[in-house]
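The structure appears right after this line, and notes come after that.
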Amino acid sequence: MTDKTILTVDNLALSYGSNPILKGVSMQLRRGEVVSLLGPSGSGKTTLLRAVAGLEQPHHGSVSIAGRAIYDAAAGIDIPAEKRELGLVFQSYALWPHKTVFDNVAYPLKLRKVADNEIVQRVHAALKNLGLDHLAERYPHQLSGGQQQRVSIARALVYNPPVILLDEPLSNLDAKMREEARAWLRNLIVEMQLSALVVTHDQSEAMAMSDRILLLNGGVIEQQGTPTEMYGQPQTYFVADFMGSNNIMAGRIGDIRGGTARIDLENGLSLWGLRRTNAAIGQEAKAVIRVEQTLLAEGPGEHRTEIDLATSMFLGDRFEYVFHAGADLLRAWGKGHEAAGKRWLEFPPDAVWVF
Amino acid sequence: MLETLPRRVVVALLALSVFFPIGLVLYQSILSGPFFMPAARLSLESFVFIFDDPDFWMAARNTIAVAVGMSLIAIPLGAILAFIMVRTDLPGRKWLETPIMIPIFVSPVVLGFGYVVSLGPVGFFSVWFESLFGGVPWNIYSLASIIVIAGLTHVPHVYLYSSSALRNLGSDVEEAARLSGASPFRVARDVSIPMVSPALLYVGVLVFFLGFEIFGLPLILGDPEGHLVLTTYLYKLTNKLGTPSYHLMAAVATCIIAVTFPLVLLQRALLKNAQRFVSMKGKSARQRPLALGPWKWVAFAVILAWLFITVVVPVSGIALRSVVSSWGQGVNLLEVLTLDHFHAVFEEATMIRAIVNSILIGTLGGALAVGGYLAIGLATHRKNDGLSRFVDYIVLTPRAVPGLMAGLAVFWVFLFVPFLAPLRSTLFSVWFAYAVVWLAYGMRLIQSALMQVGPELEEAGRLVGASRPRVSLDITVPLIRNGLLGAWLLIFMIFEREYSTGVYLLSPGTEVIGAQIVSLWASGAVDVVAALSLINMALVGIGLAVALRFGVKLHD
């Protein structure tokens, strides 16, 4: 642990009854860093966040904030949620409907027995920071979804918690607002030099928002790294599959040469790719290639195959081509419309992963 | 959410309030005499005595006849009523919703009295009917009449549960059946009714169970011809042997609890099952009502006829009886009109005390009871541990004890626990009995209000630094204040309506209208009973009006 580490989770385990949710998760968050907890539903990402917050009861492991243990199963330490001094932005925002915007944000300071005039000043500063100053006397139901989210953030930041936790912060916004809010939120976190732990199920959101991503699967961390590492160098099939849009084909290993392998696919194709499996020749494996790396080629060549184009779909910023390869549907992207028929498709070996 | 210590204190007080009186009843039932007599020893002779008494077996047979009979009447009628109100284009459905609920809020003893003055041998409606047709085909004092009236007045209970189940049923499942080729009536038969059958089963057990509890109707209607049920048999035992026959009463009470407690547990299991069924509902956004065509006027007429018999007949009878000096064949209404009965009521200190006490116990007592229920609710709110499950069962227990017996048990507690004795002749003893008897009902109101609070609103409070008690105080309670107001109004009506619980607690200083009516009825003071009954209904009516004004839902 370096002195830059603000949040440390060590081997945290949690069960609901006999059903294990977290099976020993360890992670660190450094000061001023944004880390995303990414994973499909049921992976334990929200549970991990809530366990850090003190809202779920782990049974093993430890959590510490800035060197202070807030949970330690072995030492019998379990600081209640209200004493952990963390900020949490709820998925539903959880604004108290019976309090005005001002009172919502002021409540944490009231609990800390801050003097009244200082409360007024600090709340207004926090609201101003988030562009909400003119809404102070409104009630939550009079605000738009985006405004509610900002109030929720203001409430979580007003007492300067060392770490801010965000639970699916963008999922309650409609699709168009989500992209704008993503940029705004990333900018806010960076400008205020916050240390943030963000839960999300959307890989593009995670890549856009965070410095580091932890991908959870079934209660364990599958892989962690920067967004570019996670996207460009997946260590397992699960990560490769989760992080992007892929063409996935099943087959058997046909040949192995150092770090590369040839896979003979059930659809009849044979591809060379980067070897990410210990499977021996003749054993089952999967080939994964990102859709954007699957290239429509002019004619025959190395690593190219002739294949049936079934249809083209217009997606607005690009076209998507759908190919038939045996029982598989393969996809590729391009600029223009293509009529159905035989086409050449290139699978660059350094873009194909064999798991 | 309270911290551990206050939480335990709340639960301990609750457990003591519930188990001590009931434990006393069970203990008393296996003694040979009243438990305060030194000669009393452990013995089963009280059971031997009542099992030897032919009246006990007659009462038991009648009780089963009433419970079965009223279920057979109330369940089909209530289910049909619910289907018509929820699923069809019956005219005036909105307008009918409130009157349908009225029988629930009228005190059964008042209702029974209303039937006597309306349909009894010289009742208003009997006299009119006789002058038109030369005779009346009914005998209000027969067991059959008791069963029919009990059945008709319990239709709202069935309506309540089956209508909410039907409302929760998404119309998508019905539409899917329609599109597969089913006619509207096939849809009802093959889809809607089977899907609400868990709710019907639940309410069936509930009505059957209520049959074991009814006291006011058989007390008033069963007395002239000697039809006893177990509760009235218990009541008559009070003075059967000359000395207080507590051990016999306790034995009867134990027999009743032996039937009702398993029924309460069964209801609990069925309710869980029913809720599981409902949670599989589809989207209930819009329901297209079924067109009844010309049948809607038939349905409308049937509902009006039912309302006429269960509400208009007894209530108008009481209203009329309270302003006439006497009534019978050939009496001219205009010559006997009088306000003397009300004067009589307002001239007697006991009556005024009864009215004041009733108002106090409804308003102040209701508020205190809601406060107590809230404390229990908060102690178990979002805490799914052993203590909470224990509270679940404690809350359920008084449900199995009819009010008459609960009042008796509380009377014993206040009579013989030395430091409580001075409180016996104060309103506190009555309030305590009421609060315990209606514990399950009150807790349902509080818990359904608490369930409305999103857990994240409370978690947000914890995260920003509020302890559990602070969260309860600053977030949970303010958020459910409307629910609390509604609970208070409903408890007010229930407390005004209550009569049997106060019967044994009746003493100078603890008079409440309901118990006063029971006691006056025995002395034959019909005039005063009529005036008090009208005042009682007026109090409930005020509560109902205020509740409707504030938009309180009469059921959840």
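Starting from 1 in every chain, residues are counted up; chains themselves are A, B, ... following the order of the structure tokens, and ligands are numbered from 1 as listed.
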
Rows by chain and residue number, chain B within 12 Å of chain A, shortest pair, only C-alpha atoms, as CSV:
residue,atom,partner,partner_atom,distance
B:Glu3,CA,A:Pro80,CA,11.7
B:Arg382,CA,A:Leu55,CA,11.6
B:Val453,CA,A:Trp96,CA,10.0
B:Gly454,CA,A:Ala94,CA,8.0
B:Pro455,CA,A:Ala94,CA,8.7
B:Glu456,CA,A:Ala94,CA,5.6
B:Leu457,CA,A:Ala94,CA,4.8
B:Glu458,CA,A:Ala94,CA,8.4
B:Glu459,CA,A:Leu55,CA,7.2
B:Ala460,CA,A:Ala94,CA,6.5
B:Gly461,CA,A:Glu82,CA,7.8
B:Arg462,CA,A:Glu82,CA,4.6
B:Leu463,CA,A:Glu82,CA,5.0
B:Val464,CA,A:Pro108,CA,5.2
B:Gly465,CA,A:Glu82,CA,3.8
B:Ala466,CA,A:Glu82,CA,5.4
B:Ser467,CA,A:Glu82,CA,5.9
B:Arg468,CA,A:Glu82,CA,8.6
B:Pro469,CA,A:Glu82,CA,11.4
B:Arg470,CA,A:Leu111,CA,8.9
B:Val471,CA,A:Glu82,CA,10.0
B:Asp474,CA,A:Tyr107,CA,9.4
B:Ile475,CA,A:Trp96,CA,7.3
B:Thr476,CA,A:Trp96,CA,9.6
B:Val477,CA,A:His98,CA,10.5
B:Pro478,CA,A:His98,CA,7.2
B:Leu479,CA,A:His98,CA,6.5
B:Ile480,CA,A:His98,CA,10.0
B:Arg481,CA,A:His98,CA,10.2
B:Asn482,CA,A:His98,CA,11.6

I need the residues in stretch 241-436 of chain B that are alpha helix (DSSP H) according to DSSP; give them as number ranges by chain. B: 246-278, 295-307, 313-321, 333-336, 340-347, 349-380, 386-396, 403-416, 427-436

So that I can see what lies close to A:Ser245, please list as a list in words the residues with an atom at most 12 Å from it, counting only C-alpha atoms and leaving out residues fewer than 6 positions away in the same chain.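 Everything that qualifies: Gln203, Ser204, Tyr231, Val239, Val288, Ile289, Arg290, Val291, Glu292, Gln293, Thr294, Glu320, Leu330, Arg331, Ala332 and Trp333 of chain A.
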
Using only C-alpha atoms, find each residue in stretch 64-114 of chain B having at least one atom no more than 9 Å away from stretch 293-317 of chain B; report its shortest atom-to-atom pair and that distance in Å (one decimal), rows by chain then rising number, as JSON lines.
{"residue": "B:Leu81", "atom": "CA", "partner": "B:Ile303", "partner_atom": "CA", "distance": 7.7}
{"residue": "B:Ile84", "atom": "CA", "partner": "B:Ala299", "partner_atom": "CA", "distance": 7.6}
{"residue": "B:Thr88", "atom": "CA", "partner": "B:Lys296", "partner_atom": "CA", "distance": 8.4}
{"residue": "B:Asp89", "atom": "CA", "partner": "B:Lys296", "partner_atom": "CA", "distance": 7.4}
{"residue": "B:Leu90", "atom": "CA", "partner": "B:Lys296", "partner_atom": "CA", "distance": 5.4}
{"residue": "B:Pro91", "atom": "CA", "partner": "B:Lys296", "partner_atom": "CA", "distance": 7.2}
{"residue": "B:Gly92", "atom": "CA", "partner": "B:Phe300", "partner_atom": "CA", "distance": 8.5}
{"residue": "B:Leu96", "atom": "CA", "partner": "B:Ile303", "partner_atom": "CA", "distance": 8.9}
{"residue": "B:Pro99", "atom": "CA", "partner": "B:Leu307", "partner_atom": "CA", "distance": 7.6}
{"residue": "B:Ile100", "atom": "CA", "partner": "B:Leu307", "partner_atom": "CA", "distance": 7.1}
{"residue": "B:Ile102", "atom": "CA", "partner": "B:Val311", "partner_atom": "CA", "distance": 7.3}
{"residue": "B:Pro103", "atom": "CA", "partner": "B:Val311", "partner_atom": "CA", "distance": 6.6}
{"residue": "B:Val106", "atom": "CA", "partner": "B:Val311", "partner_atom": "CA", "distance": 8.9}
{"residue": "B:Val110", "atom": "CA", "partner": "B:Pro314", "partner_atom": "CA", "distance": 8.4}
{"residue": "B:Leu111", "atom": "CA", "partner": "B:Pro314", "partner_atom": "CA", "distance": 6.0}
{"residue": "B:Gly112", "atom": "CA", "partner": "B:Pro314", "partner_atom": "CA", "distance": 7.7}
{"residue": "B:Phe113", "atom": "CA", "partner": "B:Pro314", "partner_atom": "CA", "distance": 7.6}
{"residue": "B:Gly114", "atom": "CA", "partner": "B:Pro314", "partner_atom": "CA", "distance": 3.9}

Excluding B:Gly120 and residues on its chain fewer than 6 positions from it, collect all residues at most 12 Å away from it, counting only C-alpha atoms, and give them as a PyMOL selection string. chain B and resi 112-114+126-130+136-142+145+220-221+224+313-314+317+327-328

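For A:Ile213, the non-local neighbours within 7 Å, defined as residues at least 5 positions apart in the same chain or in other chains and counting only C-alpha atoms, are Val35, Ser36, Leu37, Leu38, Ala206, Gln224, Gly225, Thr226 and Pro227 of chain A.
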
When DSSP is applied to the backbone of this structure, which of stretch 194-307 of chain A are assigned strand (DSSP E)? Write them out as a ChimeraX atom specification. /A:196-200,212-217,220-225,246-257,260-265,270-275,284-290,295-297,304-307

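The environment of B:Ser245 within 12 Å, counting only C-alpha atoms and disregarding residues fewer than 2 places along the same chain, consists of B:Gln28, B:Ser29, B:Leu31, B:Ser32, B:Gly33, B:Pro34, B:Phe35, B:Phe36, B:Met37, B:Ala40, B:Ser46, B:Phe49, B:Ile50, B:Leu234, B:Tyr235, B:Lys236, B:Leu237, B:Thr238, B:Asn239, B:Lys240, B:Leu241, B:Gly242, B:Thr243, B:His247, B:Leu248, B:Met249, B:Ala250, B:Ala251, B:Val252.
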
Store the residues of this selection in a file with N, CA and C atoms, as an mmCIF file, in the first residue's frame.
data_model
loop_
_atom_site.group_PDB
_atom_site.id
_atom_site.type_symbol
_atom_site.label_atom_id
_atom_site.label_comp_id
_atom_site.auth_asym_id
_atom_site.auth_seq_id
_atom_site.Cartn_x
_atom_site.Cartn_y
_atom_site.Cartn_z
ATOM 1 N N GLN B 28 -55.437 -19.708 34.221
ATOM 2 C CA GLN B 28 -56.702 -19.734 34.949
ATOM 3 C C GLN B 28 -57.560 -20.928 34.533
ATOM 4 N N SER B 29 -57.441 -21.311 33.257
ATOM 5 C CA SER B 29 -58.312 -22.378 32.766
ATOM 6 C C SER B 29 -57.976 -23.733 33.405
ATOM 7 N N LEU B 31 -57.125 -24.090 36.611
ATOM 8 C CA LEU B 31 -57.260 -23.992 38.064
ATOM 9 C C LEU B 31 -58.677 -24.411 38.440
ATOM 10 N N SER B 32 -58.831 -24.808 39.694
ATOM 11 C CA SER B 32 -60.145 -25.280 40.121
ATOM 12 C C SER B 32 -61.049 -24.129 40.541
ATOM 13 N N GLY B 33 -60.505 -22.933 40.655
ATOM 14 C CA GLY B 33 -61.329 -21.789 41.040
ATOM 15 C C GLY B 33 -60.643 -20.524 40.593
ATOM 16 N N PRO B 34 -61.237 -19.358 40.855
ATOM 17 C CA PRO B 34 -60.584 -18.099 40.502
ATOM 18 C C PRO B 34 -59.175 -18.046 41.080
ATOM 19 N N PHE B 35 -58.208 -17.548 40.284
ATOM 20 C CA PHE B 35 -56.804 -17.694 40.663
ATOM 21 C C PHE B 35 -56.430 -16.907 41.909
ATOM 22 N N PHE B 36 -57.263 -15.950 42.312
ATOM 23 C CA PHE B 36 -56.916 -15.183 43.507
ATOM 24 C C PHE B 36 -57.394 -15.887 44.783
ATOM 25 N N MET B 37 -58.152 -16.973 44.621
ATOM 26 C CA MET B 37 -58.624 -17.680 45.804
ATOM 27 C C MET B 37 -57.546 -18.664 46.259
ATOM 28 N N ALA B 40 -57.687 -22.355 45.206
ATOM 29 C CA ALA B 40 -57.549 -22.782 43.821
ATOM 30 C C ALA B 40 -56.293 -23.621 43.641
ATOM 31 N N SER B 46 -62.534 -27.433 35.474
ATOM 32 C CA SER B 46 -63.317 -26.428 34.751
ATOM 33 C C SER B 46 -63.682 -26.959 33.357
ATOM 34 N N PHE B 49 -66.361 -29.473 33.751
ATOM 35 C CA PHE B 49 -67.647 -28.812 33.981
ATOM 36 C C PHE B 49 -68.280 -28.342 32.669
ATOM 37 N N ILE B 50 -67.511 -27.613 31.892
ATOM 38 C CA ILE B 50 -68.147 -27.076 30.670
ATOM 39 C C ILE B 50 -68.437 -28.188 29.661
ATOM 40 N N LEU B 234 -69.869 -17.766 27.036
ATOM 41 C CA LEU B 234 -68.843 -17.271 27.966
ATOM 42 C C LEU B 234 -69.387 -16.094 28.771
ATOM 43 N N TYR B 235 -70.062 -15.197 28.079
ATOM 44 C CA TYR B 235 -70.600 -13.995 28.730
ATOM 45 C C TYR B 235 -71.630 -14.389 29.785
ATOM 46 N N LYS B 236 -72.471 -15.359 29.456
ATOM 47 C CA LYS B 236 -73.521 -15.787 30.395
ATOM 48 C C LYS B 236 -72.929 -16.501 31.607
ATOM 49 N N LEU B 237 -71.762 -17.119 31.410
ATOM 50 C CA LEU B 237 -71.122 -17.844 32.505
ATOM 51 C C LEU B 237 -70.741 -16.922 33.649
ATOM 52 N N THR B 238 -70.566 -15.631 33.338
ATOM 53 C CA THR B 238 -70.038 -14.694 34.323
ATOM 54 C C THR B 238 -70.681 -14.898 35.687
ATOM 55 N N ASN B 239 -72.001 -15.026 35.662
ATOM 56 C CA ASN B 239 -72.681 -15.110 36.951
ATOM 57 C C ASN B 239 -73.389 -16.442 37.162
ATOM 58 N N LYS B 240 -72.988 -17.430 36.386
ATOM 59 C CA LYS B 240 -73.712 -18.696 36.405
ATOM 60 C C LYS B 240 -73.705 -19.359 37.778
ATOM 61 N N LEU B 241 -72.549 -19.302 38.449
ATOM 62 C CA LEU B 241 -72.451 -20.011 39.724
ATOM 63 C C LEU B 241 -72.644 -19.101 40.928
ATOM 64 N N GLY B 242 -73.024 -17.867 40.668
ATOM 65 C CA GLY B 242 -73.166 -16.961 41.792
ATOM 66 C C GLY B 242 -71.854 -16.288 42.145
ATOM 67 N N THR B 243 -70.796 -17.062 42.343
ATOM 68 C CA THR B 243 -69.471 -16.483 42.575
ATOM 69 C C THR B 243 -68.807 -16.285 41.219
ATOM 70 N N HIS B 247 -62.640 -19.502 36.329
ATOM 71 C CA HIS B 247 -61.974 -20.685 35.782
ATOM 72 C C HIS B 247 -62.800 -21.277 34.640
ATOM 73 N N LEU B 248 -64.142 -21.195 34.754
ATOM 74 C CA LEU B 248 -64.984 -21.708 33.666
ATOM 75 C C LEU B 248 -64.866 -20.828 32.434
ATOM 76 N N MET B 249 -64.893 -19.503 32.674
ATOM 77 C CA MET B 249 -64.762 -18.593 31.531
ATOM 78 C C MET B 249 -63.423 -18.812 30.842
ATOM 79 N N ALA B 250 -62.389 -18.985 31.646
ATOM 80 C CA ALA B 250 -61.061 -19.200 31.059
ATOM 81 C C ALA B 250 -61.029 -20.499 30.257
ATOM 82 N N ALA B 251 -61.744 -21.513 30.751
ATOM 83 C CA ALA B 251 -61.761 -22.783 30.020
ATOM 84 C C ALA B 251 -62.438 -22.601 28.666
ATOM 85 N N VAL B 252 -63.563 -21.865 28.649
ATOM 86 C CA VAL B 252 -64.234 -21.604 27.367
ATOM 87 C C VAL B 252 -63.314 -20.806 26.448
#

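Across the model, the gap from atom CA of B:Met58 to atom CA of B:Tyr246 is 20.7 Å.
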
What separation in Å, quoted to one decimal, exists between atom CA of A:Leu49 and atom CA of A:Asp133?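 Rounded to one decimal, the two atoms are 29.8 Å apart.
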
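Atom pair atom CA of B:Ile257 / atom CA of B:Val401: separated by 6.1 Å.
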
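Between B:Ala79 and the residues B:Thr380, B:Ser197, B:Ser472, B:Ser358, the shortest atom-to-atom distance, using only C-alpha atoms, involves B:Ser197.
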
Mind checking which residues fall within 10 Å of stretch 21-27 of chain A, counting only C-alpha atoms, ignoring those fewer than 2 positions away in the same chain, and posting them as a PyMOL selection string? chain A and resi 7-19+29+35+42-45+47-48+51+58-63+214+216-221+224

Residue nearest A:Gln223 - candidates A:Lys176, A:Leu271, A:Thr5, A:Gly39, atoms counted: only C-alpha atoms: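 Of all the options, A:Gly39 lies closest to A:Gln223.
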
For a quick check of understanding, using only C-alpha atoms, which of A:Lys335, A:Leu274, A:Leu296, A:Asp241 has the smallest distance to A:Phe314?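 Looking at the shortest contact to A:Phe314, the residue is A:Lys335.
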